[in-house]
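**Student:** I am attaching a structure below and will ask some questions about it afterwards.
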Amino acid sequence: MSDENPAAEEERATDPLEAWAGELIERRVRDFEVKRAAVLERAEDAEALHDVRTRARRLRAALEDLRELVPEAEEMLGALKRFSRRTGEARDNDVLLARVEWYAEHAFGRARAQFERLAGRLRKRRGHSRTRAMDGVRECRLRGSAEGESP
Amino acid sequence: MKGRRIAFAGPGVRDAEAARREIVRVRLAEALVRAGALEHGGARELHDLRIACKRLRYALELHRDALPAAVQGAERLLAGLQDLLGELHDCDVLLAHAERIDVTIAARVIGRDRRLLLGRARRLWREAFAERGDLTGLAAYAGFGSPQGPGGSAP
């Protein structure tokens with residue numbers, strides 16, 4: 001953007017549609033950052049991780065809708081994509097494990113034993129995915145990200 | 001599934017209301033073209049429909065205060081549909097795990113639940129487009145097949 005002439009930059013900054021989009025995105029960014037801070041304070045809380053992931057999805061959806069009007073959209077989308085990838089496995093695993101544990105609790109005989117095996121497989125993956133998720137939360141930078149990955 | 005890029009440079013998109021309508025139009029169209037997945041029942045297609053419904057729902061949520069009352073029910077409907085499609089997706093992932101460790105009884109139980117969830121999702125979608133259904137008002141707002149909307153053409 002720095003290569004453009006100052007008049008074009010000025011026009012962009014005062015464009016009412018861009019201002020409107022910028023406000024909507026800022027609201028979503030604030031929601032996300034509040035929840036990100038919460039999960040850093042409560043690292044073992046699975047629901048806090050779920051909350052920050054839902055805020056990330058909402059922000060990502062808004063950025064995808066409004067990317068033509070938000071100059072930082074691509075940078076933020078790149079950061080959010082990395083965030084989702086690193087935190088997704090832990091959440092998905094928790095949800096699947098809860099479902100399988102429910103099945104095991106309500107089953108009998110061989111069916112129960114099979115669900116227990118399935119649950120064991122999911123439990124094994126838990127520790128690693130949780131560590132990866134917390135790294136993802138800690139290292140997420142929406143603006144000024146060092147990594148140049150495109151969304 | 002990548003969402004379509006929305007262009008706001010067209011002659012019809014001059015203000016926030018026009019931009020909002022354009023977003024809803026594009027995201028609703030993405031969901032509509034994927035709704036056939038509910039009939040075919042394939043895992044990949046249902047997953048794409050879930051993502052499309054999620055994008056549409058989040059767009060409605062972001063613009064909730066500015067949207068007409070006739071479209072308010074759509075958000076709730078999409079949340080319900082998204083839950084069902086999410087559970088369906090969980091069943092598909094669990095079925096893949098079950099296959100890998102050869103637990104056939106567990107797979108049968110999960111498969112039965114998957115069929116029930118698919119049936120419920122189909123019903124919900126059909127009802128949403130009935131007269132005064134939750135997505136009927138949204139389709140009209142987006143301009144699909146209604147004189148109320150601008151243009152009325154699919155994107």
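By order in the structure tokens, chains are A, B, ...; within a chain, residues start at 1; ligands start at 1, following the order shown.
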For range 49-56 of chain B, please output as a ChimeraX atom specification all residues within 9 Å (counting only C-alpha atoms; exclusion window: fewer than 3 positions along the same chain).
**Tutor:** /A:58,61-62,65 /B:1,3,23-24,26-28,30-38,44-46,59-61,75,78-79,81-83,85-86,89
**Student:** Save out the residues we just selected, C-alpha atoms, as an mmCIF file, in the first residue's frame.
**Tutor:**
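again_39.cif, written as the output of this step:
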data_model
loop_
_atom_site.group_PDB
_atom_site.id
_atom_site.type_symbol
_atom_site.label_atom_id
_atom_site.label_comp_id
_atom_site.auth_asym_id
_atom_site.auth_seq_id
_atom_site.Cartn_x
_atom_site.Cartn_y
_atom_site.Cartn_z
ATOM 1 C CA ARG A 58 -16.720 -15.404 13.345
ATOM 2 C CA ALA A 61 -16.051 -15.253 8.246
ATOM 3 C CA ALA A 62 -16.383 -11.469 8.551
ATOM 4 C CA ASP A 65 -17.001 -11.354 3.474
ATOM 5 C CA MET B 1 -14.364 -25.176 0.900
ATOM 6 C CA GLY B 3 -15.968 -18.963 0.122
ATOM 7 C CA ILE B 23 -23.022 -10.538 1.184
ATOM 8 C CA VAL B 24 -26.267 -12.307 2.083
ATOM 9 C CA VAL B 26 -23.607 -14.620 -2.238
ATOM 10 C CA ARG B 27 -23.516 -16.631 1.005
ATOM 11 C CA LEU B 28 -27.104 -17.859 0.596
ATOM 12 C CA GLU B 30 -23.344 -20.908 -1.738
ATOM 13 C CA ALA B 31 -25.577 -22.794 0.696
ATOM 14 C CA LEU B 32 -28.322 -23.360 -1.870
ATOM 15 C CA VAL B 33 -26.024 -24.932 -4.467
ATOM 16 C CA ARG B 34 -24.736 -27.352 -1.843
ATOM 17 C CA ALA B 35 -28.128 -28.353 -0.436
ATOM 18 C CA GLY B 36 -28.251 -31.395 -2.737
ATOM 19 C CA ALA B 37 -25.832 -32.995 -0.258
ATOM 20 C CA LEU B 38 -28.810 -33.601 2.032
ATOM 21 C CA ARG B 44 -17.539 -34.460 1.898
ATOM 22 C CA GLU B 45 -20.591 -32.752 0.399
ATOM 23 C CA LEU B 46 -22.352 -32.507 3.751
ATOM 24 C CA ALA B 59 -22.993 -13.032 8.090
ATOM 25 C CA LEU B 60 -26.580 -12.757 9.373
ATOM 26 C CA GLU B 61 -25.308 -12.500 12.921
ATOM 27 C CA GLU B 75 -30.237 -17.303 11.899
ATOM 28 C CA LEU B 78 -29.144 -22.153 10.409
ATOM 29 C CA ALA B 79 -27.776 -22.650 13.924
ATOM 30 C CA LEU B 81 -29.006 -27.075 10.909
ATOM 31 C CA GLN B 82 -25.346 -26.435 11.623
ATOM 32 C CA ASP B 83 -25.615 -28.414 14.875
ATOM 33 C CA LEU B 85 -24.550 -31.216 10.269
ATOM 34 C CA GLY B 86 -21.806 -30.912 12.885
ATOM 35 C CA HIS B 89 -19.598 -34.826 10.599
#
**Student:** Go through chain A and flag each residue having an atom no more than 8 Å from chain B; for those, report the closest pair of atoms plus their distance in Å to one decimal, using only C-alpha atoms, ordered by chain and rising number, as a tab-separated table.
**Tutor:**
residue	atom	partner	partner_atom	distance
A:Pro16	CA	B:Asp15	CA	7.7
A:Leu17	CA	B:Ala16	CA	6.2
A:Trp20	CA	B:Ala16	CA	7.1
A:Leu24	CA	B:Leu62	CA	7.6
A:Arg58	CA	B:Tyr58	CA	6.1
A:Ala61	CA	B:Arg55	CA	5.9
A:Ala62	CA	B:Ala59	CA	6.8
A:Glu64	CA	B:Arg5	CA	7.2
A:Asp65	CA	B:Ile6	CA	6.3
A:Leu66	CA	B:Ile6	CA	7.3
A:Arg67	CA	B:Arg5	CA	7.9
A:Glu68	CA	B:Ala7	CA	6.7
A:Leu69	CA	B:Phe8	CA	7.9
A:Leu96	CA	B:Asp90	CA	6.5
A:Arg110	CA	B:Ile105	CA	7.7
A:Ala111	CA	B:Ile105	CA	5.7
A:Gln114	CA	B:Val103	CA	5.7
A:Phe115	CA	B:Ala106	CA	6.1
A:Leu118	CA	B:Ala98	CA	6.8
**Student:** For those residues, write C-alpha atoms to a file as an mmCIF file, in the first residue's frame.
**Tutor:**
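Listed below is the output, again-v7.cif:
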data_model
loop_
_atom_site.group_PDB
_atom_site.id
_atom_site.type_symbol
_atom_site.label_atom_id
_atom_site.label_comp_id
_atom_site.auth_asym_id
_atom_site.auth_seq_id
_atom_site.Cartn_x
_atom_site.Cartn_y
_atom_site.Cartn_z
ATOM 1 C CA PRO A 16 -17.638 5.223 3.865
ATOM 2 C CA LEU A 17 -17.905 1.553 2.900
ATOM 3 C CA TRP A 20 -18.219 0.673 7.850
ATOM 4 C CA LEU A 24 -17.480 -4.351 11.937
ATOM 5 C CA ARG A 58 -16.720 -15.404 13.345
ATOM 6 C CA ALA A 61 -16.051 -15.253 8.246
ATOM 7 C CA ALA A 62 -16.383 -11.469 8.551
ATOM 8 C CA GLU A 64 -13.787 -13.284 4.128
ATOM 9 C CA ASP A 65 -17.001 -11.354 3.474
ATOM 10 C CA LEU A 66 -15.380 -7.939 3.695
ATOM 11 C CA ARG A 67 -11.813 -8.631 2.495
ATOM 12 C CA GLU A 68 -12.165 -6.249 -0.468
ATOM 13 C CA LEU A 69 -12.841 -3.410 1.958
ATOM 14 C CA LEU A 96 -15.494 -36.911 19.612
ATOM 15 C CA ARG A 110 -19.122 -56.255 23.253
ATOM 16 C CA ALA A 111 -20.495 -52.947 22.075
ATOM 17 C CA GLN A 114 -15.588 -51.545 21.368
ATOM 18 C CA PHE A 115 -16.549 -48.026 22.384
ATOM 19 C CA LEU A 118 -12.397 -46.179 20.445
#
**Student:** Which residues are near Arg86 in chain A? Cut-off 12 Å, only C-alpha atoms, ignore same chain within fewer than 6 positions. Put them as a list in words.
**Tutor:**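 Residues near the query, excluding close chain neighbours: Leu49, Arg53, Ala79, Leu80, Asp92, His128, Ser129, Arg130, Thr131, Arg132, Ala133, Met134, Asp135, Gly136, Val137, Arg138, Glu139 and Cys140 of chain A.
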**Student:** What does the file look like for those residues with C-alpha atoms, as an mmCIF file, in the first residue's frame?
**Tutor:**
data_model
loop_
_atom_site.group_PDB
_atom_site.id
_atom_site.type_symbol
_atom_site.label_atom_id
_atom_site.label_comp_id
_atom_site.auth_asym_id
_atom_site.auth_seq_id
_atom_site.Cartn_x
_atom_site.Cartn_y
_atom_site.Cartn_z
ATOM 1 C CA LEU A 49 -10.711 -22.991 24.067
ATOM 2 C CA ARG A 53 -12.282 -20.844 18.463
ATOM 3 C CA ALA A 79 -2.967 -15.692 11.154
ATOM 4 C CA LEU A 80 -6.462 -17.067 11.786
ATOM 5 C CA ASP A 92 -12.409 -31.961 17.618
ATOM 6 C CA HIS A 128 -0.277 -33.656 22.227
ATOM 7 C CA SER A 129 -3.210 -31.831 20.635
ATOM 8 C CA ARG A 130 -3.774 -29.745 23.783
ATOM 9 C CA THR A 131 -0.140 -28.570 23.838
ATOM 10 C CA ARG A 132 -0.299 -27.691 20.165
ATOM 11 C CA ALA A 133 -3.535 -25.764 20.728
ATOM 12 C CA MET A 134 -2.076 -23.670 23.552
ATOM 13 C CA ASP A 135 0.967 -22.846 21.416
ATOM 14 C CA GLY A 136 -1.434 -21.750 18.691
ATOM 15 C CA VAL A 137 -3.344 -19.463 21.078
ATOM 16 C CA ARG A 138 -0.180 -17.974 22.562
ATOM 17 C CA GLU A 139 1.520 -17.283 19.246
ATOM 18 C CA CYS A 140 -1.448 -15.894 17.344
#
**Student:** Provide the CA of Ala139 in chain B to CA of Leu117 in chain B distance in Å, to one decimal place.
**Tutor:** 25.0 Å
**Student:** Give me the residues within 9 Å of Leu135 in chain B as a PyMOL selection string, counting only C-alpha atoms and dropping any in the same chain fewer than 2 places off.
**Tutor:** chain B and resi 71+73-75+77-78+125+127-130+132-133+137-140
**Student:** Please identify which residues in range 16-133 of chain B DSSP calls alpha helix (DSSP H) from the backbone, and express them as a ChimeraX atom specification.
**Tutor:** /B:16-34,37-40,43-62,72-100,104-128
**Student:** Have a look at CA of Asp94 in chain A and CA of Leu63 in chain A and let me know their distance in Å, one decimal.
**Tutor:**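 That distance, rounded to one decimal, is 27.5 Å.
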**Student:** CA of Leu84 in chain B and CA of Asp31 in chain A, how far apart in Å?
**Tutor:**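 CA of Leu84 in chain B lies at a distance of 26.0 Å from CA of Asp31 in chain A.
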**Student:** Would you mind listing what lies within 8 Å of Tyr103 in chain A as a PDB file with N, CA and C atoms, in the first residue's frame, with only C-alpha atoms counted and same-chain residues fewer than 3 positions away left out?
**Tutor:**
ATOM      1  N   ARG A  99     -18.577 -37.837  22.820  1.00  0.00           N
ATOM      2  CA  ARG A  99     -19.613 -38.630  22.153  1.00  0.00           C
ATOM      3  C   ARG A  99     -19.370 -40.134  22.387  1.00  0.00           C
ATOM      4  N   VAL A 100     -18.121 -40.544  22.223  1.00  0.00           N
ATOM      5  CA  VAL A 100     -17.804 -41.969  22.381  1.00  0.00           C
ATOM      6  C   VAL A 100     -17.983 -42.407  23.842  1.00  0.00           C
ATOM      7  N   HIS A 106     -23.707 -46.004  27.703  1.00  0.00           N
ATOM      8  CA  HIS A 106     -25.057 -46.517  27.453  1.00  0.00           C
ATOM      9  C   HIS A 106     -25.069 -47.865  26.729  1.00  0.00           C
ATOM     10  N   ALA A 107     -23.895 -48.435  26.493  1.00  0.00           N
ATOM     11  CA  ALA A 107     -23.831 -49.714  25.776  1.00  0.00           C
ATOM     12  C   ALA A 107     -23.534 -50.860  26.752  1.00  0.00           C
ATOM     13  N   ARG A 112     -19.964 -52.167  24.284  1.00  0.00           N
ATOM     14  CA  ARG A 112     -19.302 -51.290  25.269  1.00  0.00           C
ATOM     15  C   ARG A 112     -17.774 -51.402  25.142  1.00  0.00           C
ATOM     16  N   PHE A 115     -16.565 -49.485  22.173  1.00  0.00           N
ATOM     17  CA  PHE A 115     -16.549 -48.026  22.384  1.00  0.00           C
ATOM     18  C   PHE A 115     -15.411 -47.624  23.321  1.00  0.00           C
TER      19      PHE A 115
END
